[in-house]
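*Asks:* Compact mmCIF, C-alpha atoms, saved as coords_26.txt, coming up:
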# COMPACT_ATOMS: atom_id res chain seq x y z
CA LEU A 1 76.62 -103.16 -46.65
CA HIS A 2 78.46 -100.48 -48.55
CA GLY A 3 76.98 -98.27 -51.24
CA TRP A 4 77.84 -97.90 -54.90
CA MET A 5 81.49 -97.03 -55.69
CA ASP A 6 82.54 -98.01 -52.18
CA VAL A 7 83.97 -101.04 -50.37
CA SER A 8 83.53 -102.69 -47.00
CA ALA A 9 86.89 -101.32 -45.85
CA SER A 10 85.23 -97.93 -45.41
CA PHE A 11 83.68 -99.38 -42.22
CA GLN A 12 87.01 -100.56 -40.82
CA PHE A 13 87.10 -98.01 -37.98
CA LEU A 14 83.70 -99.28 -36.82
CA VAL A 15 84.70 -102.90 -37.25
CA ASP A 16 87.80 -102.39 -35.11
CA GLU A 17 85.65 -101.18 -32.21
CA LEU A 18 82.53 -103.31 -32.52
CA GLN A 19 84.24 -106.64 -33.16
CA LYS A 20 85.35 -106.65 -29.52
CA ASP A 21 81.78 -107.53 -28.52
CA TRP A 22 79.98 -108.51 -31.74
CA GLN A 23 80.39 -110.77 -34.72
CA LEU A 24 80.38 -108.51 -37.75
CA ILE A 25 79.88 -109.20 -41.44
CA ALA A 26 80.96 -106.45 -43.84
CA PRO A 27 80.78 -107.86 -47.37
CA ASP A 28 81.85 -106.40 -50.68
CA LEU A 29 79.18 -106.45 -53.35
CA ARG A 30 79.91 -108.42 -56.49
CA GLY A 31 82.81 -106.86 -58.35
CA TYR A 32 83.84 -104.59 -55.47
CA GLY A 33 86.78 -104.81 -53.08
CA ALA A 34 87.72 -108.36 -52.19
CA SER A 35 84.60 -109.99 -53.66
CA SER A 36 84.76 -112.38 -56.57
CA LYS A 37 84.43 -110.89 -60.01
CA PRO A 38 82.16 -113.10 -62.12
CA PRO A 39 82.52 -112.93 -65.89
CA SER A 40 80.60 -110.10 -67.48
CA ASP A 41 79.39 -109.52 -71.03
CA PRO A 42 79.13 -106.54 -73.40
CA THR A 43 75.86 -105.44 -71.71
CA HIS A 44 77.44 -105.48 -68.21
CA LEU A 45 74.13 -106.86 -66.92
CA PRO A 46 75.80 -109.25 -64.42
CA TYR A 47 76.94 -106.14 -62.54
CA SER A 48 73.88 -103.99 -63.07
CA LYS A 49 71.50 -102.65 -60.46
CA ARG A 50 68.95 -104.98 -62.02
CA ALA A 51 71.08 -108.01 -61.11
CA SER A 52 71.49 -106.75 -57.55
CA ALA A 53 67.75 -106.15 -57.31
CA GLN A 54 67.05 -109.73 -58.30
CA ASP A 55 69.16 -110.81 -55.33
CA LEU A 56 66.67 -109.00 -53.09
CA VAL A 57 63.65 -110.88 -54.44
CA GLU A 58 64.45 -114.06 -52.54
CA VAL A 59 65.05 -112.10 -49.34
CA MET A 60 61.72 -110.27 -49.52
CA ALA A 61 59.80 -113.34 -50.62
CA GLU A 62 61.15 -115.46 -47.76
CA LEU A 63 60.33 -112.70 -45.29
CA HIS A 64 56.86 -111.90 -46.58
CA THR A 65 55.62 -115.48 -46.89
CA SER A 66 56.73 -116.64 -43.44
CA PRO A 67 53.72 -118.24 -41.70
CA VAL A 68 52.45 -115.76 -39.12
CA ASP A 69 51.28 -118.48 -36.75
CA ARG A 70 54.86 -119.75 -36.45
CA ILE A 71 56.24 -116.39 -35.33
CA ALA A 72 55.94 -116.42 -31.53
CA VAL A 73 57.31 -113.01 -30.61
CA PRO A 74 55.43 -111.08 -27.88
CA GLY A 75 54.20 -107.70 -29.07
CA LEU A 76 55.02 -108.34 -32.72
CA ALA A 77 51.49 -107.52 -33.86
CA ASP A 78 51.78 -104.04 -32.35
CA PRO A 79 55.45 -103.31 -31.57
CA ARG A 80 54.94 -99.55 -31.13
CA GLY A 81 52.09 -100.07 -28.68
CA VAL A 82 49.77 -97.76 -30.60
CA GLY A 83 46.77 -100.05 -30.77
CA ILE A 84 47.15 -101.49 -34.28
CA ASP A 85 44.71 -104.36 -34.92
CA ALA A 86 46.26 -107.11 -37.04
CA SER A 87 43.32 -109.51 -36.82
CA SER A 88 42.32 -108.89 -40.45
CA TRP A 89 43.52 -106.83 -43.40
CA ASP A 90 40.56 -104.43 -43.26
CA ALA A 91 40.92 -103.92 -39.51
CA TYR A 92 44.65 -103.40 -39.89
CA MET A 93 44.21 -100.77 -42.61
CA ASP A 94 41.45 -99.03 -40.62
CA GLU A 95 43.81 -98.69 -37.65
CA CYS A 96 46.81 -97.60 -39.75
CA ILE A 97 44.89 -94.88 -41.58
CA GLY A 98 43.11 -93.88 -38.40
CA ARG A 99 46.48 -93.10 -36.82
CA TRP A 100 47.05 -90.41 -39.47
CA ARG A 101 43.90 -88.56 -38.41
CA VAL A 102 44.65 -88.90 -34.69
CA VAL A 103 48.24 -87.70 -35.03
CA GLU A 104 47.13 -84.67 -37.04
CA THR A 105 44.64 -83.60 -34.38
CA GLU A 106 47.25 -83.99 -31.63
CA HIS A 107 49.85 -81.86 -33.41
CA CYS A 108 50.63 -78.36 -32.13
CA GLU A 109 48.94 -76.90 -35.22
CA ARG A 110 46.85 -78.16 -38.10
CA GLU A 111 48.76 -80.17 -40.71
CA PRO A 112 46.76 -80.16 -43.98
CA PHE A 113 49.18 -82.45 -45.78
CA VAL A 114 48.43 -85.20 -43.26
CA ARG A 115 44.67 -84.72 -43.70
CA VAL A 116 45.03 -84.96 -47.48
CA ALA A 117 47.24 -88.06 -47.24
CA ALA A 118 44.82 -89.76 -44.82
CA ALA A 119 41.86 -89.06 -47.11
CA TRP A 120 43.79 -90.33 -50.11
CA LEU A 121 44.92 -93.51 -48.35
CA ASP A 122 41.36 -94.24 -47.28
CA ALA A 123 39.83 -93.57 -50.70
CA ASN A 124 42.40 -95.52 -52.71
CA ARG A 125 43.00 -98.70 -50.75
CA PRO A 126 44.63 -101.38 -52.92
CA ALA A 127 43.51 -104.98 -53.26
CA PRO A 128 43.96 -106.82 -49.93
CA ALA A 129 47.01 -108.99 -49.37
CA PRO A 130 47.65 -111.64 -46.71
CA LEU A 131 49.03 -110.13 -43.52
CA GLY A 132 52.53 -111.31 -42.76
CA LEU A 133 55.90 -110.46 -41.28
CA VAL A 134 57.05 -106.92 -42.09
CA HIS A 135 60.63 -105.85 -41.41
CA GLY A 136 59.65 -102.19 -41.04
CA ASP A 137 63.04 -100.77 -42.12
CA PHE A 138 63.80 -102.76 -45.24
CA GLN A 139 66.66 -100.96 -46.99
CA GLY A 140 70.11 -101.70 -48.32
CA THR A 141 71.92 -100.67 -45.15
CA ASN A 142 70.08 -103.37 -43.18
CA ILE A 143 71.11 -106.24 -45.43
CA LEU A 144 74.32 -108.19 -44.86
CA ILE A 145 75.64 -110.54 -47.53
CA GLU A 146 77.78 -113.34 -46.19
CA LYS A 147 81.09 -113.50 -47.99
CA GLY A 148 81.73 -116.82 -49.66
CA THR A 149 78.20 -118.23 -49.40
CA GLY A 150 76.25 -115.22 -50.69
CA LEU A 151 73.63 -115.72 -47.97
CA PHE A 152 71.56 -112.66 -47.09
CA HIS A 153 70.97 -111.60 -43.47
CA MET A 154 68.46 -108.97 -42.35
CA ILE A 155 69.40 -106.87 -39.31
CA ASP A 156 67.71 -104.13 -37.24
CA TRP A 157 64.34 -105.72 -36.47
CA GLU A 158 63.15 -103.21 -33.88
CA LEU A 159 60.33 -102.09 -36.22
CA GLY A 160 59.34 -105.62 -37.22
CA HIS A 161 55.61 -106.33 -36.98
CA ILE A 162 52.69 -108.25 -38.44
CA GLY A 163 51.17 -106.16 -41.21
CA ASP A 164 50.88 -105.77 -44.95
CA PRO A 165 54.12 -107.05 -46.54
CA ARG A 166 53.91 -104.35 -49.20
CA GLU A 167 54.89 -101.83 -46.54
CA ASP A 168 58.48 -103.02 -47.01
CA LEU A 169 58.28 -102.31 -50.74
CA GLY A 170 57.03 -98.80 -50.00
CA TRP A 171 59.63 -98.19 -47.31
CA TRP A 172 62.43 -99.28 -49.66
CA ALA A 173 61.23 -96.74 -52.23
CA LEU A 174 61.01 -93.99 -49.60
CA ALA A 175 64.38 -94.72 -47.98
CA HIS A 176 66.28 -94.79 -51.24
CA LEU A 177 65.02 -91.41 -52.37
CA SER A 178 67.56 -89.97 -49.94
CA GLN A 179 69.96 -92.94 -49.86
CA PRO A 180 70.69 -93.97 -53.44
CA PRO A 181 71.06 -96.10 -55.40
CA ASP A 182 67.55 -97.53 -55.69
CA ILE A 183 68.34 -100.80 -57.38
CA ILE A 184 64.65 -101.77 -57.49
CA ALA A 185 63.55 -98.62 -59.32
CA GLU A 186 66.20 -99.33 -61.97
CA ASN A 187 63.82 -101.93 -63.41
CA MET A 188 60.75 -102.08 -61.20
CA ASP A 189 58.60 -104.13 -63.57
CA SER A 190 61.19 -106.91 -63.67
CA PHE A 191 61.63 -106.86 -59.89
CA LEU A 192 57.89 -106.90 -59.18
CA ALA A 193 57.32 -109.76 -61.64
CA ALA A 194 59.97 -111.82 -59.85
CA TYR A 195 58.54 -110.84 -56.46
CA ARG A 196 55.04 -111.92 -57.51
CA ALA A 197 56.38 -115.24 -58.78
CA ALA A 198 58.24 -115.86 -55.52
CA THR A 199 55.39 -114.87 -53.17
CA GLY A 200 52.35 -115.96 -55.15
CA PHE A 201 50.87 -112.46 -54.92
CA THR A 202 48.84 -111.37 -57.95
CA GLU A 203 49.55 -108.42 -60.22
CA GLU A 204 46.50 -106.69 -58.73
CA MET A 205 48.17 -106.92 -55.31
CA VAL A 206 51.68 -105.93 -56.39
CA ASN A 207 52.29 -103.35 -59.10
CA PRO A 208 53.91 -99.89 -59.37
CA ALA A 209 50.71 -98.21 -58.13
CA THR A 210 50.60 -100.29 -54.93
CA VAL A 211 54.29 -99.58 -54.32
CA ALA A 212 53.47 -95.85 -54.58
CA TYR A 213 50.52 -96.31 -52.19
CA PHE A 214 52.66 -98.04 -49.57
CA THR A 215 55.42 -95.48 -50.00
CA VAL A 216 52.96 -93.02 -48.48
CA LEU A 217 51.60 -95.40 -45.84
CA ALA A 218 55.03 -96.63 -44.74
CA SER A 219 56.27 -93.07 -44.16
CA ALA A 220 54.01 -92.73 -41.13
CA GLY A 221 56.54 -93.89 -38.55
CA VAL A 222 59.31 -91.45 -39.45
CA PHE A 223 56.98 -88.55 -40.25
CA PHE A 224 54.90 -88.85 -37.10
CA ASN A 225 58.09 -88.80 -35.03
CA LEU A 226 59.08 -85.60 -36.82
CA MET A 227 55.68 -84.10 -35.97
CA LYS A 228 56.12 -84.97 -32.30
CA MET A 229 59.59 -83.42 -32.32
CA THR A 230 58.39 -80.16 -33.90
CA SER A 231 55.56 -79.96 -31.37
CA ARG A 232 58.12 -80.22 -28.57
CA ILE A 233 60.24 -77.52 -30.20
CA ALA A 234 57.19 -75.25 -30.46
CA ALA A 235 56.40 -75.89 -26.78
CA GLY A 236 59.96 -75.07 -25.75
CA GLU A 237 60.56 -78.63 -24.55
CA LYS A 238 63.29 -79.43 -27.07
CA ALA A 239 66.12 -77.40 -28.53
CA GLY A 240 69.35 -77.91 -30.43
CA SER A 241 70.60 -77.55 -33.98
CA SER A 242 70.16 -81.26 -34.75
CA ALA A 243 66.45 -81.13 -33.90
CA ALA A 244 65.94 -78.01 -36.00
CA TYR A 245 67.89 -79.52 -38.87
CA MET A 246 65.65 -82.60 -39.00
CA THR A 247 62.57 -80.45 -39.59
CA ASN A 248 63.84 -80.01 -43.15
CA ALA A 249 62.74 -83.59 -43.79
CA MET A 250 59.06 -82.62 -43.44
CA PRO A 251 58.69 -80.74 -46.77
CA PHE A 252 60.74 -83.49 -48.42
CA ILE A 253 58.22 -86.10 -47.25
CA HIS A 254 55.31 -83.82 -48.23
CA ASN A 255 56.68 -83.73 -51.77
CA THR A 256 57.17 -87.50 -51.72
CA TRP A 257 53.51 -87.99 -50.83
CA ILE A 258 52.31 -85.84 -53.71
CA SER A 259 54.68 -87.56 -56.16
CA SER A 260 53.58 -90.99 -54.96
CA MET A 261 49.89 -90.12 -55.17
CA ARG A 262 50.37 -88.95 -58.74
CA ALA A 263 52.38 -92.06 -59.58
CA ALA A 264 49.54 -94.21 -58.27
CA GLY A 265 47.22 -92.52 -60.76
CA ALA A 266 44.66 -91.50 -58.17
CA TRP A 267 45.55 -87.92 -57.21
CA THR A 268 42.47 -85.73 -57.58
CA LYS A 269 41.21 -82.50 -56.08
CA GLU A 270 38.51 -84.47 -54.32
CA ASN A 271 41.14 -86.16 -52.17
CA ALA A 272 41.95 -82.81 -50.59
CA ALA A 273 38.42 -82.39 -49.27
Now, as a test, write the supplied structure out as structure tokens.
*Replies:*
Amino acid sequence: LHGWMDVSASFQFLVDELQKDWQLIAPDLRGYGASSKPPSDPTHLPYSKRASAQDLVEVMAELHTSPVDRIAVPGLADPRGVGIDASSWDAYMDECIGRWRVVETEHCEREPFVRVAAAWLDANRPAPAPLGLVHGDFQGTNILIEKGTGLFHMIDWELGHIGDPREDLGWWALAHLSQPPDIIAENMDSFLAAYRAATGFTEEMVNPATVAYFTVLASAGVFFNLMKMTSRIAAGEKAGSSAAYMTNAMPFIHNTWISSMRAAGAWTKENAA
């Protein structure tokens, strides 16, 4: 799925190679490339980020309300094999937050940002939500729109798991800080209202503050991998310019945590204790 001011033809060199073994779908968003061009109006709302965001509501709602007992995929409750307990929401959150503290102690040096984030996550847990299917990498580049029918297809399920569906909302917000545009942030209140209506979740469960909370929680996977990589660099087990370059993402994520904590309205000095 191409980005803003682009077309599917930009992927042609990949399509030429991959179509030998795979069926590929490379759509043009509404109004771009070879897609249809529905009538607009003076406000241009039919082509706005808000309109595109509304398209995502049905995708997320269908995903997040799928009955867990009908998903028979071995290892889905704990795909990373890190001991996450998905038997209840409280147990799941205990295990998720506990990972932050364990990873920090196993790092090559103390990481105060992780300690602060873990304390904040523990002290500011949102209202519980039903556990369900989580994509784990829900972002624009993993959504294919079928040309002609407009059907949405989610790809790249290697991080899929049973967990809190709001993790996908948080991951979307995190991913699109570095991969704009964020079509949800364009009008978050409207998107979240539609998402609540489609899923049946209450406003207490889904609101801008809970999105900020899960932006922090959902960053664990990518950030913990960065920590492991820097530990290997420090131990002389890994080298190369690409590895060193990726360490620049750590202060970026630190800043994202602080911004998200403030956005959630619960950032206090006590959380740093």
*Asks:* What separation in Å, quoted to one decimal, exists between atom CA of Val134 of chain A and atom CA of Leu159 of chain A?
*Replies:*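 Between atom CA of Val134 of chain A and atom CA of Leu159 of chain A the gap is 8.3 Å.
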*Asks:* Which value, in Å to one decimal, gives the distance between atom CA of Leu226 of chain A and atom CA of Arg110 of chain A?
*Replies:* 14.4 Å
*Asks:* Looking at all atoms listed in the file, which of A:Ala264, A:Ala197, A:Leu177, A:Leu133 is the one that sits closest to Ile162 of chain A?
*Replies:*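 Under the stated criterion, the closest residue is A:Leu133.
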*Asks:* To one decimal in Å, tell me the separation between atom CA of Asp156 of chain A and atom CA of Gly140 of chain A.
*Replies:*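 Going from atom CA of Asp156 of chain A over to atom CA of Gly140 of chain A, I get 11.6 Å.
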*Asks:* Might you pull out every residue within 8 Å of Leu169 of chain A, with all atoms listed in the file counted and same-chain residues fewer than 3 positions away left off, and present them as a PyMOL selection string?
*Replies:* chain A and resi 138+165-166+172-173+211+214-215
